[in-house]
Every structure is written in C-alpha cells, then in structure tokens.
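Take a look at the structure below.
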Amino acid sequence: MKNKLQILIEQLKNAGRVYIQPHDIPDPDAIACSYALKFLLDINNIKAKIIHVQTIEKANSKKMIELFDIKMYVKNEMRYNEDDYVILVDTQLGNSNITNLIKQNIMVIDHHEIINENNNYIYEDIRSNVGACSSIITEYFLNNKIDLTKNVATALLYGIMMDTDNLTRCVSDLDIKMFYYLYNQANISSIKSLKLNQIVKSDLIAYAKALNNVEIYGYLGFVHIENCNDSLLGTISDMVNTIEGVLIVIAYAKREDGVKFSIRSGTSKVKANNLMRYIMNNIGVGGGHDEMAGGFMSADNMKFFTNKQLDTYIRHRAISYVESKDAKL
Ligand SMILES: [Mn+2]
C-alpha cells in the first residue's frame, strides 16, 4: 500500500504548476511546513513555489525566512491554468485565514478541525488531533526514509515548539515522537536565535495597551485591543492566559472590516473551538482546536454594534456558554 507522501507525489506527476499555500498570515508552523514540503517535492522532481497572500507580520516568521533563505512569492505573480495545483498547508478551505485562489485541484495538509466535509479535495491529510502540522510533514520524511537537511529539521522542530507551546498545548503522541526525531538533527542555536526574534519593538505598545484593557471575571479574561495585527492578538491571548487564575481568554481586535478573535482555554470542560462558535452565533466564522481557536466577524454582519455593545455581547455569550458547561469549573 502506498503511504501519504507517495500518493501525493503520484497525483502531482502530471500537474502543471504546483503552488504551496500556507495561511494568509503564516506563522512558524505554516512556514516550516511549506519549506519542508517544497524540499520533499523538489527531490521528487516536482517544482513548486510557495505563495504568500499578505505581508508576513510575525517577527519570528520573518526571521525563519531569512535564516533558511526561503523563497516566497506574492500571489499577484501567480498564474493559474486548469492543470495547476494548490497545496494548502496548516489550513483548509472555509477557514477565516485563507484566500481561495483556484477552483479545482486543491490539496490539503492540515491539523485543524475539519470545517467542511464536501470540499472535493484532490488529496487530503487532515489530522485534527495533532498539535502541529510540522509533525505530519516530519512523518512524511520518516515513513519514506528521506534524510532531513539541518535547516529543514530545525524549521520543523521550531514549528512543533511554537504550535504546541513547547509540548504543553494540544500535544499528541505524534508530536512527541517527531519532536524527539528532529531534536538531534536540528540546529539548536538557530532555534535560540528565532526565540530571540519573536517580537518587534512596536509590539510592546500593543502589549501595553492590552495590559491596560484586561478585564477578569473569575477564571475568564477578556481583552479588547484596537488596531492590533492578527499574530499579536494570539500572543496577547497567550500572555493573558498566564495570569494566575485565568483559565479562559477571549481576546479580540476591532478593525475596519470586522472583529478578529483569539481564544485560549486551559480547561478540558470548555473547548476553545466550541466557545468560539458559540460567540459567533452564525454572525461570523470561527474554529480551531480544543485549547486555542480563532475567528472573524465581518463588519457587514455587525453594523448594529457599537464598541460598548460589542463588549457586552461578547461577555454575555462567553459567560453564558461557560456557565452552561460548569459554573465552578
Ligand atoms: Mn499549525
């Protein structure tokens, strides 16, 4: 029987152009997967290009691209024919963080929950229980006895470290096995240098604002931040979650086109993805994992909300959901 990578390669043998597309604001896991997958395709004589749709926001993502000399192409440089393929990595169609570029020949390698069963993907490897997409790609190397380069091993290891918060969040057996497999092959001083480039100076202003706006109700933390980019919102959500006694965080940023959410849950009684969907209440899209989730509410669907109404709405939905699970937790 053929394994996952062999099936993928076979399906791409007669492809025209092949594009690897991480989510629109790629984080280290998405970049590591794109980079490692390109390596796997290259050695199988399949030429692929990595596309990015928006500017790279995260400082550590930028540093990865520089450190490993990863070539990424902006989407406007792309042309699509009927025999071209797009491989989505670390994301899937229907997610709020992905721009759909072609109608057919879509392949998916992801570790988020399945959003829509009927997407007619040409190829799919979606494992929602795995903490990092990098673990799935690492297994492609292992199962096919393909040697990793030091840079590829380092990128994948960093992807696992970031997405699982150093093996403490959404960790599966595969993540641990792949972490161990990569560790001895990776360049730990490069990992250190990535850790030292996680944020930029201007991020501190957003942190300061966030700290001023944190509201805590028992084990629930809320943060409303104006003008905050998506990746920073996640980092702030993580930071608020480290406050003693805060188990669940709902961080959100209002922008011109709508409201972006980032949720964290440190209790198995409240799943972050379910809480996200409950807050959305059909006026936005959201989902993710048990412990972390995200979402987006478009401005068109929430014209009736003033800032105050938005704050009240989110607190009301979150508290009533959490209470329905267990008042005491
Ligand atoms: Mn990921």
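Chain labels follow the order of the structure tokens: the first chain is A, the next B, and so on; residue numbering restarts at 1 in every chain, and ligands are counted from 1 in their shown order.
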Item to check | Contacts with ligand 1 at most 9 Å, only C-alpha atoms and all ligand atoms counted, listed as a PyMOL selection string | outcome: chain A and resi 27-30+33+89-91+110-112+131-134+159-160+162-164
Please, which residues of stretch 97-307 of chain A, numbered as in this document, come out alpha helix (DSSP H) from DSSP, as a compact mmCIF listing (two decimals) with C-alpha atoms, in the first residue's frame?
# COMPACT_ATOMS: atom_id res chain seq x y z
CA CYS A 133 1.25 20.48 11.05
CA SER A 134 5.07 20.20 11.14
CA SER A 135 4.67 16.82 12.88
CA ILE A 136 2.61 15.50 9.95
CA ILE A 137 5.23 16.65 7.43
CA THR A 138 8.07 15.22 9.55
CA GLU A 139 6.32 11.86 9.43
CA TYR A 140 6.40 12.04 5.60
CA PHE A 141 10.21 12.11 5.83
CA LEU A 142 10.36 9.32 8.40
CA ASN A 143 7.92 6.97 6.63
CA LYS A 150 19.75 20.55 9.15
CA ASN A 151 17.72 23.60 8.11
CA VAL A 152 14.57 21.60 7.35
CA ALA A 153 14.87 19.72 10.65
CA THR A 154 15.35 23.00 12.52
CA ALA A 155 12.37 24.68 10.86
CA LEU A 156 10.08 21.71 11.59
CA LEU A 157 11.27 21.45 15.20
CA TYR A 158 10.57 25.14 15.72
CA GLY A 159 7.12 24.70 14.11
CA ILE A 160 6.28 21.98 16.65
CA MET A 161 7.67 24.04 19.53
CA MET A 162 5.59 27.10 18.62
CA ASP A 163 2.29 25.37 17.86
CA ASP A 173 1.92 11.15 20.55
CA LEU A 174 2.95 12.02 17.01
CA ASP A 175 4.16 15.48 18.10
CA ILE A 176 6.31 13.97 20.84
CA LYS A 177 7.76 11.28 18.57
CA MET A 178 8.52 13.76 15.81
CA PHE A 179 9.97 16.27 18.28
CA TYR A 180 12.36 13.62 19.54
CA TYR A 181 13.20 12.52 15.99
CA LEU A 182 14.01 16.10 14.92
CA TYR A 183 15.79 17.26 18.04
CA ILE A 188 19.58 24.46 18.48
CA SER A 189 21.49 27.73 18.22
CA SER A 190 19.22 28.67 15.27
CA ILE A 191 16.23 27.87 17.47
CA LYS A 192 17.69 30.19 20.09
CA SER A 193 18.09 32.93 17.54
CA LEU A 194 14.44 32.50 16.50
CA LYS A 195 13.38 32.69 20.14
CA ASP A 203 4.64 45.19 19.54
CA LEU A 204 5.36 46.47 23.05
CA ILE A 205 2.89 49.32 22.52
CA ALA A 206 0.17 46.80 21.72
CA TYR A 207 1.17 44.75 24.78
CA ALA A 208 0.96 47.84 26.97
CA LYS A 209 -2.50 48.66 25.61
CA ALA A 210 -3.59 45.09 26.13
CA LEU A 211 -2.41 45.08 29.73
CA ASN A 212 -4.48 48.20 30.37
CA ASN A 213 -7.57 46.63 28.85
CA ASP A 230 -3.61 39.06 13.92
CA SER A 231 -0.46 37.39 15.10
CA LEU A 232 -0.03 39.76 18.01
CA LEU A 233 -3.59 39.09 19.09
CA GLY A 234 -2.69 35.41 19.56
CA THR A 235 0.42 36.28 21.54
CA ILE A 236 -1.56 38.61 23.80
CA SER A 237 -4.16 35.90 24.32
CA ASP A 238 -1.35 33.54 25.41
CA MET A 239 0.09 36.15 27.74
CA VAL A 240 -3.25 36.88 29.48
CA ASN A 241 -3.73 33.15 29.90
CA ALA A 272 -11.94 26.87 22.73
CA ASN A 273 -13.32 25.98 19.26
CA ASN A 274 -16.85 25.38 20.61
CA LEU A 275 -16.77 28.57 22.66
CA MET A 276 -15.63 30.46 19.55
CA ARG A 277 -18.55 29.11 17.51
CA TYR A 278 -20.98 29.95 20.33
CA ILE A 279 -19.76 33.55 20.46
CA MET A 280 -20.00 33.75 16.67
CA ASN A 307 -17.89 49.25 20.87
Checklist entry - Quick one: distance from atom CA of A:Asp69 to atom CA of A:His23 in Å, one decimal? => result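 Going from atom CA of A:Asp69 over to atom CA of A:His23, I get 19.3 Å.
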Next on the checklist: If we count only C-alpha atoms and set the cut-off at 12 Å, which residues sit around A:Ile70, ignoring sequence neighbours fewer than 4 positions away in its own chain? Please answer as a PyMOL selection string.
Outcome noted: chain A and resi 31-39+49-52+61-66+151-152+155
Output for the residues just chosen: C-alpha atoms as a short mmCIF file (atom, residue, chain, number, x, y, z; two decimals), in the first residue's frame:
data_model
loop_
_atom_site.label_atom_id
_atom_site.label_comp_id
_atom_site.auth_asym_id
_atom_site.auth_seq_id
_atom_site.Cartn_x
_atom_site.Cartn_y
_atom_site.Cartn_z
CA ILE A 31 6.31 28.35 7.10
CA ALA A 32 8.15 25.23 8.29
CA CYS A 33 5.60 23.00 6.55
CA SER A 34 5.76 24.98 3.29
CA TYR A 35 9.54 24.88 3.31
CA ALA A 36 9.81 21.17 4.16
CA LEU A 37 7.10 20.18 1.68
CA LYS A 38 8.88 22.09 -1.08
CA PHE A 39 12.02 20.10 -0.24
CA LYS A 49 6.51 27.64 -5.46
CA ILE A 50 5.49 28.87 -2.03
CA ILE A 51 2.89 31.62 -2.20
CA HIS A 52 2.07 34.22 0.39
CA SER A 61 8.29 34.16 10.78
CA LYS A 62 10.36 36.81 9.02
CA LYS A 63 13.47 35.58 10.79
CA MET A 64 12.79 32.00 9.64
CA ILE A 65 12.51 33.13 6.02
CA GLU A 66 15.82 34.97 6.35
CA ASN A 151 17.72 23.60 8.11
CA VAL A 152 14.57 21.60 7.35
CA ALA A 155 12.37 24.68 10.86
#
Checklist entry - Nearest to A:Tyr313 among A:Gln21, A:Gln104, A:Asn281, A:Asn229, with distances taken over only C-alpha atoms: which residue is it? => result A:Asn281
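Closest approach to A:Asn129 from the set A:Ser265, A:Thr99, A:Glu256, A:Glu291 is made by A:Glu291, with distances taken over only C-alpha atoms.
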Checklist entry - Which residue, A:Val171, A:Ala253, A:Met292, A:Ile248, has the smallest gap to A:Ala318 when you use only C-alpha atoms? => result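 Nearest candidate to A:Ala318 out of A:Val171, A:Ala253, A:Met292, A:Ile248: A:Ile248.
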Item to check | 8 Å contact set for stretch 1-18 of chain A, only C-alpha atoms, chain neighbours under 4 positions out, as a list in words | outcome: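 Surrounding residues, per the criterion: Leu41, Asn44, Ile46, Lys47, Ala48, Lys49, Tyr80, Asn81, Asp83, Asp84, Tyr85, Val86, Ile87, Tyr123, Asp125, Tyr140, Asn143 and Asn144 of chain A.
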Next on the checklist: Just to confirm, what's the straight-line distance from atom CA of A:Asp300 to atom CA of A:His224 in Å (one decimal)?
Outcome noted: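 These two atoms are separated by 19.6 Å.
Nearest-residue note for A:Gln92: choosing from A:Tyr73, A:Tyr121, A:Phe261, A:Phe68, the minimum distance belongs to A:Tyr121, counting only C-alpha atoms.
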